[in-house]
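See structure below.
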Protein chains: 2
Amino acid sequence: MQGRNLDRAVPNRLLAALPAHVYERLAPHLQEVPLSLGKVLYEAHGTLDYVYFPTTAIVSLLYTMESGAGAEMGIVGCDGIVGIAVFMGGDTTPNRAVVHSAGNAMRLAVHHFRDEFRRTGDLHRLLLLYTQALLTQMSQTAVCNRLHNVEQRLCRCLLLSHDRLRSNELLMTQELIATMLGVRREGVSVAAHRLQGAGLIRYNRGHITILDRAGLEARVCECYAVVKRECDRLFARESIAPAPGPE
Amino acid sequence: MQGRNLDRAVPNRLLAALPAHVYERLAPHLQEVPLSLGKVLYEAHGTLDYVYFPTTAIVSLLYTMESGAGAEMGIVGCDGIVGIAVFMGGDTTPNRAVVHSAGNAMRLAVHHFRDEFRRTGDLHRLLLLYTQALLTQMSQTAVCNRLHNVEQRLCRCLLLSHDRLRSNELLMTQELIATMLGVRREGVSVAAHRLQGAGLIRYNRGHITILDRAGLEARVCECYAVVKRECDRLFARESIAPAPGPE
DNA sequence: GAGTGTCCGTGCGCTAACGTACATTTGCCA
DNA sequence: TGGCAAATGTACGTTAGCGCACGGACACTC
């Protein structure tokens with residue numbers, strides 16, 4: 001519609017929502033790169049040379065305490081961008097960005113990115129909107145961490161990841177999930193076992209298959225739907241497919 | 001310094017950091033209003049007619065579940081603004097904003113505010129910076145809610161409030177604190193009792209007096225300092241007094 | 001095909017916080 | 001000044017999750 005990129009092969013929703021002439025200014029500087037599992041895109045307080053628009057990869061935003069314990073407060077996939085501190089003005093953040101599902105991303109050097117952002121056109125507007133979506137995600141994570149149990153939060157984690165993939169198979173160990181949820185590995189083990197017993201998922205040494213998405217949605221806390229609805233609302237007017245999921 | 005408002009009586013730090021000519025454009029539309037304890041500035045998904053720059057009031061950003069349970073994910077005082085959805089583009093959020101310490105705020109009608117924001121000048125830049133600070137606060141709250149106990153979180157709550165007041169006396173009941181921390185009132189009761197026993201605070205029917213701020217800082221988790229340091233860093237280059245606290 | 005490391009299951013004692021119930025205190029107002 | 005409602009203290013059984021310590025199973029390599 002109206003010169004947007006839906007027809008082009010731009011599997012990142014933010015990029016896809018840009019008008020053609022904006023996208024074409026960026027395109028020469030965009031570079032598709034593979035992101036392997038566990039790769040750190042930036043460390044806490046680290047400088048960013050690139051921003052990343054994930055296409056098939058999924059990235060976790062984490063905080064790690066001095067003790068080594070930590071938790072995830074946000075997740076970015078083909079719906080977003082990694083590196084918002086670059087345009088918010090702070091340049092860096094106290095958090096880390098770690099790849100939690102291997103795949104690709106479009107990479108853009110910070111100075112090229114800033115040039116376009118400072119035109120305060122469509123990219124600017126879209127990114128502020130996305131930042132609000134991320135803010136909602138983070139604030140809901142704060143509430144969820146306080147009020148809901150491991151099983152509910154595991155469901156949320158699985159659904160969030162599933163939304164950002166084209167496959168029903170997630171590649172993540174219980175150990176990795178535990179660091180994201182901020183719980184023990186054993187806690188994930190028993191919760192996952194219950195979900196498998198109920199026929200919702202099947203897992204085996206780091207391979208998790210979603211068998212019954214509706215069943216997961218029935219068990220998850222309302223936090224999942226709140227964030228999902230809010231994101232859909234925020235981007236409803238943009239030319240973006242409303243459901244980024246694998247369906 | 002360079003025509004900023006530090007000399008003027010503008011007790012909101014964001015407004016104070018604006019260059020004089022920007023402030024003077026806004027000034028005719030700014031209106032000081034009293035905010036009484038418990039007043040709701042906006043409901044979840046509600047529309048905003050005004051943005052608020054608190055001066056002596058403190059406002060909590062809360063999410064309330066369908067069950068009625070809820071938790072705070074952010075706090076705004078003289079360091080910030082209530083209503084960021086107005087300029088981020090989403091117009092509203094799933095959260096509520098409730099006054100948790102009575103006081104005043106400068107109120108500005110949304111359309112006047114948007115006019116100035118869209119000039120993409122100093123106000124624009126400052127607000128993006130502030131939004132990043134709020135993002136840090138929320139994400140750290142997510143981690144803190146997951147990893148730290150009631151006493152540590154109570155200390156954090158007290159310090160955050162104290163930072164935004166000019167007095168050592170906070171007016172908040174244990175019931176109110178409980179809803180902010182997302183715990184039982186009884187949990188706050190025992191934690192507060194311990195802090196009083198250690199001589200850090202004194203309280204009496206909704207009046208809490210900070211007796212030993214350093215003692216609170218020694219007991220609080222690192223989350224408090226992380227957010228504080230990050231805010232100081234973000235606003236270091238702005239002409240803002242780095243420590244907004246009552247000292 | 002033996003060895004090794006990763007991944008997952010399980011059990012047990014422990015603690016923080018919960019839900020609930022009730023007592024007590026204190027400020028306020030009629 | 002008596003009563004009432006709000007604010008706080010305390011106690012007790014219950015539970016979710018922790019820390020720790022294993023043991024088993026699978027995959028990969030040499």
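Quick note on naming: the chains in the structure tokens go A, B, ... in the order shown, residues restart at 1 in each chain, and ligands are numbered from 1 in order of appearance.
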
Give me, as a tab-separated table (two decimals) with N, CA and C atoms (P, O5', C5', C4', C3', O3' and C1' of nucleotides), in the first residue's frame, all polymer residues having an atom no more than 10 Å from C:DT25, counting only C-alpha atoms (C1' of nucleotides) and skipping those fewer than 2 positions away in the same chain.
chain	number	residue	atom	x	y	z
B	205	ARG	N	1.36	5.95	61.74
B	205	ARG	CA	0.09	6.17	61.06
B	205	ARG	C	0.22	7.02	59.79
C	23	DA	P	-9.70	-10.99	68.71
C	23	DA	O5'	-8.47	-10.15	69.27
C	23	DA	C5'	-7.24	-10.81	69.55
C	23	DA	C4'	-6.16	-9.75	69.74
C	23	DA	C3'	-6.60	-8.56	70.59
C	23	DA	O3'	-5.55	-8.20	71.48
C	23	DA	C1'	-5.89	-7.82	68.45
C	27	DG	P	-2.10	9.80	67.41
C	27	DG	O5'	-2.95	10.66	66.39
C	27	DG	C5'	-2.93	10.32	65.02
C	27	DG	C4'	-4.30	10.44	64.43
C	27	DG	C3'	-4.95	11.82	64.63
C	27	DG	O3'	-5.38	12.30	63.36
C	27	DG	C1'	-6.45	10.09	65.27
D	7	DA	P	-5.62	4.85	56.60
D	7	DA	O5'	-4.60	4.23	57.65
D	7	DA	C5'	-4.13	5.05	58.70
D	7	DA	C4'	-3.32	4.21	59.65
D	7	DA	C3'	-2.30	3.29	58.97
D	7	DA	O3'	-1.01	3.60	59.46
D	7	DA	C1'	-3.56	2.12	60.62
D	8	DT	P	0.24	2.78	58.92
D	8	DT	O5'	0.39	1.65	60.02
D	8	DT	C5'	0.59	2.02	61.36
D	8	DT	C4'	0.49	0.81	62.25
D	8	DT	C3'	1.51	-0.29	61.99
D	8	DT	O3'	2.37	-0.35	63.11
D	8	DT	C1'	-0.64	-1.17	62.49
D	9	DG	P	3.54	-1.44	63.13
D	9	DG	O5'	2.92	-2.63	63.98
D	9	DG	C5'	2.70	-2.44	65.37
D	9	DG	C4'	2.28	-3.74	66.02
D	9	DG	C3'	3.26	-4.91	65.80
D	9	DG	O3'	3.43	-5.56	67.05
D	9	DG	C1'	1.09	-5.54	65.09

Proximal residues of chain D relative to chain A (only C-alpha atoms (C1' of nucleotides); 8 Å) as JSON, numbers by chain: {"D": [16, 17, 18]}

Mind checking which residues fall within 10 Å of C:DT6, counting only C-alpha atoms (C1' of nucleotides), ignoring those fewer than 6 positions away in the same chain, and posting them as a short mmCIF file (atom, residue, chain, number, x, y, z; two decimals) with N, CA and C atoms (P, O5', C5', C4', C3', O3' and C1' of nucleotides), in the first residue's frame?
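around36.cif written:
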data_model
loop_
_atom_site.label_atom_id
_atom_site.label_comp_id
_atom_site.auth_asym_id
_atom_site.auth_seq_id
_atom_site.Cartn_x
_atom_site.Cartn_y
_atom_site.Cartn_z
N ARG A 205 16.60 -31.89 24.89
CA ARG A 205 17.97 -31.37 24.81
C ARG A 205 18.06 -30.08 24.01
P DC D 26 18.08 -41.64 26.32
"O5'" DC D 26 18.75 -40.72 25.21
"C5'" DC D 26 18.46 -39.33 25.22
"C4'" DC D 26 19.71 -38.55 24.89
"C3'" DC D 26 20.41 -38.97 23.60
"O3'" DC D 26 20.22 -37.93 22.66
"C1'" DC D 26 21.94 -38.46 25.35
P DA D 27 20.54 -38.19 21.14
"O5'" DA D 27 21.91 -37.38 20.99
"C5'" DA D 27 21.92 -35.99 21.24
"C4'" DA D 27 23.36 -35.47 21.18
"C3'" DA D 27 24.11 -35.89 19.91
"O3'" DA D 27 24.92 -34.81 19.49
"C1'" DA D 27 25.29 -36.63 21.81
P DC D 28 25.40 -34.70 18.01
"O5'" DC D 28 26.71 -33.81 18.12
"C5'" DC D 28 27.15 -33.34 19.39
"C4'" DC D 28 28.54 -33.86 19.70
"C3'" DC D 28 29.39 -34.24 18.48
"O3'" DC D 28 30.52 -33.39 18.43
"C1'" DC D 28 29.59 -35.84 20.23
#

Interatomic distance, atom CA of B:Glu24 to atom CA of B:Gly77 (Å, one decimal):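 Separating atom CA of B:Glu24 from atom CA of B:Gly77 is a distance of 22.1 Å.
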
Interatomic distance (Å, one decimal) between atom CA of B:Ala27 and atom CA of A:Arg118: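 Answer for the atom CA of B:Ala27 to atom CA of A:Arg118 separation: 27.1 Å.
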
Select from chain B every residue with an atom at most 6 Å from any atom of chain A, then for each give the shortest pair of atoms and their distance in Å to one decimal, using only C-alpha atoms, rows by chain and rising number, as a Markdown table.
| residue | atom | partner | partner_atom | distance |
| --- | --- | --- | --- | --- |
| B:Ala71 | CA | A:Val143 | CA | 5.7 |
| B:Met73 | CA | A:Ser139 | CA | 5.7 |
| B:Met88 | CA | A:Leu128 | CA | 5.2 |
| B:Gly89 | CA | A:Leu129 | CA | 5.6 |
| B:Gly90 | CA | A:Leu234 | CA | 5.7 |
| B:Leu128 | CA | A:Met88 | CA | 5.2 |
| B:Leu129 | CA | A:Gly89 | CA | 5.6 |
| B:Met138 | CA | A:Ser139 | CA | 5.7 |
| B:Ser139 | CA | A:Met73 | CA | 5.7 |
| B:Thr141 | CA | A:Ala142 | CA | 5.8 |
| B:Ala142 | CA | A:Ala142 | CA | 3.5 |
| B:Val143 | CA | A:Ala71 | CA | 5.7 |
| B:Asn145 | CA | A:Arg146 | CA | 5.3 |
| B:Arg146 | CA | A:Asn145 | CA | 5.3 |
| B:Leu234 | CA | A:Gly90 | CA | 5.7 |

Keeping only C-alpha atoms, write those residues as a PDB file, in the first residue's frame.
ATOM      1  CA  ALA B  71       2.421  -3.223  41.231  1.00  0.00           C
ATOM      2  CA  MET B  73       6.753   0.041  37.662  1.00  0.00           C
ATOM      3  CA  MET B  88       5.838   8.848  22.010  1.00  0.00           C
ATOM      4  CA  GLY B  89       2.907   8.581  19.652  1.00  0.00           C
ATOM      5  CA  GLY B  90       0.696   6.040  21.379  1.00  0.00           C
ATOM      6  CA  LEU B 128      13.754  11.502  24.824  1.00  0.00           C
ATOM      7  CA  LEU B 129      16.550  11.524  27.339  1.00  0.00           C
ATOM      8  CA  MET B 138      11.270   0.280  34.665  1.00  0.00           C
ATOM      9  CA  SER B 139      13.655  -2.375  33.479  1.00  0.00           C
ATOM     10  CA  THR B 141      12.207  -2.593  38.579  1.00  0.00           C
ATOM     11  CA  ALA B 142      11.550  -5.751  36.590  1.00  0.00           C
ATOM     12  CA  VAL B 143      14.850  -7.227  37.731  1.00  0.00           C
ATOM     13  CA  ASN B 145      10.950  -7.477  41.580  1.00  0.00           C
ATOM     14  CA  ARG B 146      12.356 -10.802  40.542  1.00  0.00           C
ATOM     15  CA  LEU B 234      22.068  10.897  31.143  1.00  0.00           C
TER      16      LEU B 234
END

Residue list for chain C near chain A as number ranges by chain, 12 Å, only C-alpha atoms (C1' of nucleotides): C: 6-11, 17-18

Non-local contacts of B:Glu32 (10 Å; only C-alpha atoms (C1' of nucleotides); under 4 positions in same chain excluded) as number ranges by chain: B: 52-55, 104-108

Prev. selection, C-alpha atoms, output as a PDB file, in the first residue's frame:
ATOM      1  CA  TYR B  52       2.065  17.093  34.277  1.00  0.00           C
ATOM      2  CA  PHE B  53       5.469  18.243  35.411  1.00  0.00           C
ATOM      3  CA  PRO B  54       5.449  17.447  39.139  1.00  0.00           C
ATOM      4  CA  THR B  55       7.153  19.969  41.357  1.00  0.00           C
ATOM      5  CA  ASN B 104       1.916  20.427  43.204  1.00  0.00           C
ATOM      6  CA  ALA B 105       2.571  20.002  39.527  1.00  0.00           C
ATOM      7  CA  MET B 106       2.785  22.235  36.487  1.00  0.00           C
ATOM      8  CA  ARG B 107       0.059  21.255  34.082  1.00  0.00           C
ATOM      9  CA  LEU B 108       0.186  21.798  30.339  1.00  0.00           C
TER      10      LEU B 108
END

Selection near C:DC22, 12 Å with only C-alpha atoms (C1' of nucleotides), sequence-local residues under 4 positions removed, as a ChimeraX atom specification: /D:9-12

Let's have the selection written as a tab-separated table (two decimals), in the first residue's frame, with N, CA and C atoms (P, O5', C5', C4', C3', O3' and C1' of nucleotides).
chain	number	residue	atom	x	y	z
D	9	DG	P	3.54	-1.44	63.13
D	9	DG	O5'	2.92	-2.63	63.98
D	9	DG	C5'	2.70	-2.44	65.37
D	9	DG	C4'	2.28	-3.74	66.02
D	9	DG	C3'	3.26	-4.91	65.80
D	9	DG	O3'	3.43	-5.56	67.05
D	9	DG	C1'	1.09	-5.54	65.09
D	10	DT	P	4.58	-6.59	67.27
D	10	DT	O5'	3.81	-7.98	67.19
D	10	DT	C5'	2.50	-8.07	67.74
D	10	DT	C4'	1.91	-9.44	67.47
D	10	DT	C3'	2.92	-10.54	67.10
D	10	DT	O3'	2.62	-11.68	67.85
D	10	DT	C1'	1.17	-10.49	65.54
D	11	DA	P	3.69	-12.88	67.98
D	11	DA	O5'	2.70	-14.13	68.06
D	11	DA	C5'	1.29	-13.92	68.05
D	11	DA	C4'	0.63	-14.94	67.15
D	11	DA	C3'	1.54	-16.11	66.74
D	11	DA	O3'	0.81	-17.32	66.85
D	11	DA	C1'	0.57	-15.17	64.84
D	12	DC	P	1.58	-18.71	66.99
D	12	DC	O5'	0.64	-19.73	66.22
D	12	DC	C5'	-0.59	-19.29	65.65
D	12	DC	C4'	-0.84	-20.05	64.36
D	12	DC	C3'	0.22	-21.11	64.02
D	12	DC	O3'	-0.39	-22.22	63.39
D	12	DC	C1'	0.10	-19.57	62.29

DSSP strand (DSSP E or B) residues within stretch 108-238 of chain B, as a list in words: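 The strand (DSSP E or B) residues within stretch 108-238 of chain B come out as Leu108, Ala109, Glu169, Leu170, Leu171, Ile201, Arg202, Tyr203, Asn204, His207, Ile208, Thr209 and Ile210 of chain B.
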
Emit the selected residues as a short mmCIF file (atom, residue, chain, number, x, y, z; two decimals), in the first residue's frame, including C-alpha atoms.
data_model
loop_
_atom_site.label_atom_id
_atom_site.label_comp_id
_atom_site.auth_asym_id
_atom_site.auth_seq_id
_atom_site.Cartn_x
_atom_site.Cartn_y
_atom_site.Cartn_z
CA LEU B 108 0.19 21.80 30.34
CA ALA B 109 -2.58 21.13 27.84
CA GLU B 169 8.94 13.09 56.22
CA LEU B 170 6.99 10.97 53.76
CA LEU B 171 3.23 10.77 53.95
CA ILE B 201 13.19 5.33 59.97
CA ARG B 202 10.40 6.24 62.33
CA TYR B 203 6.80 5.94 61.35
CA ASN B 204 3.42 6.56 62.75
CA HIS B 207 3.95 9.47 58.57
CA ILE B 208 7.37 8.06 57.79
CA THR B 209 10.47 9.97 58.85
CA ILE B 210 13.83 9.17 57.31
#

Surrounding residues of A:His111 excluding itself and chain neighbours under 5 positions, 12 Å, only C-alpha atoms (C1' of nucleotides), as a PyMOL selection string: chain A and resi 26+29+48-51+86-87+91+116-118

Residue selection dump (N, CA and C atoms) as a PDB file, in the first residue's frame:
ATOM      1  N   LEU A  26      18.295   4.123   3.254  1.00  0.00           N
ATOM      2  CA  LEU A  26      19.018   3.282   4.205  1.00  0.00           C
ATOM      3  C   LEU A  26      19.643   2.052   3.550  1.00  0.00           C
ATOM      4  N   HIS A  29      23.262   0.960   3.086  1.00  0.00           N
ATOM      5  CA  HIS A  29      24.082   0.813   4.290  1.00  0.00           C
ATOM      6  C   HIS A  29      23.651  -0.371   5.142  1.00  0.00           C
ATOM      7  N   LEU A  48      27.930   1.295  21.150  1.00  0.00           N
ATOM      8  CA  LEU A  48      27.301   0.591  20.038  1.00  0.00           C
ATOM      9  C   LEU A  48      27.831   1.136  18.726  1.00  0.00           C
ATOM     10  N   ASP A  49      28.346   0.255  17.890  1.00  0.00           N
ATOM     11  CA  ASP A  49      28.791   0.676  16.567  1.00  0.00           C
ATOM     12  C   ASP A  49      27.676   0.505  15.540  1.00  0.00           C
ATOM     13  N   TYR A  50      26.780  -0.416  15.834  1.00  0.00           N
ATOM     14  CA  TYR A  50      25.689  -0.699  14.908  1.00  0.00           C
ATOM     15  C   TYR A  50      24.373  -0.798  15.664  1.00  0.00           C
ATOM     16  N   VAL A  51      23.305  -0.504  14.996  1.00  0.00           N
ATOM     17  CA  VAL A  51      21.997  -0.948  15.486  1.00  0.00           C
ATOM     18  C   VAL A  51      21.609  -2.166  14.643  1.00  0.00           C
ATOM     19  N   VAL A  86      20.797   4.593  21.158  1.00  0.00           N
ATOM     20  CA  VAL A  86      21.465   5.405  20.151  1.00  0.00           C
ATOM     21  C   VAL A  86      20.614   6.607  19.746  1.00  0.00           C
ATOM     22  N   PHE A  87      19.311   6.393  19.651  1.00  0.00           N
ATOM     23  CA  PHE A  87      18.490   7.537  19.231  1.00  0.00           C
ATOM     24  C   PHE A  87      17.788   8.212  20.392  1.00  0.00           C
ATOM     25  N   ASP A  91      23.116   7.017  24.334  1.00  0.00           N
ATOM     26  CA  ASP A  91      24.205   6.295  23.685  1.00  0.00           C
ATOM     27  C   ASP A  91      24.378   4.869  24.191  1.00  0.00           C
ATOM     28  N   GLU A 116      19.574   9.479   9.416  1.00  0.00           N
ATOM     29  CA  GLU A 116      18.186   9.319   8.999  1.00  0.00           C
ATOM     30  C   GLU A 116      17.232   9.676  10.132  1.00  0.00           C
ATOM     31  N   PHE A 117      17.583   9.271  11.336  1.00  0.00           N
ATOM     32  CA  PHE A 117      16.711   9.554  12.479  1.00  0.00           C
ATOM     33  C   PHE A 117      16.523  11.050  12.657  1.00  0.00           C
ATOM     34  N   ARG A 118      17.579  11.799  12.440  1.00  0.00           N
ATOM     35  CA  ARG A 118      17.539  13.244  12.685  1.00  0.00           C
ATOM     36  C   ARG A 118      16.731  14.004  11.650  1.00  0.00           C
TER      37      ARG A 118
END

Those of stretch 25-204 of chain A in DSSP helix (DSSP H, G or I), formatted as a count of residues only: 78

Nearby residues (only C-alpha atoms (C1' of nucleotides)) at most 6 Å from stretch 36-44 of chain B, same-chain spacing under 3 positions excluded, as a list in words: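 Result of the neighbour search: Pro94, Asn95, Arg96, Ala97, Val98, Val99, His100, Ser101 and Ala102 of chain B.
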
Å distance separating atom CA of B:Asp122 from atom CA of B:Pro28, one decimal place: 18.0 Å
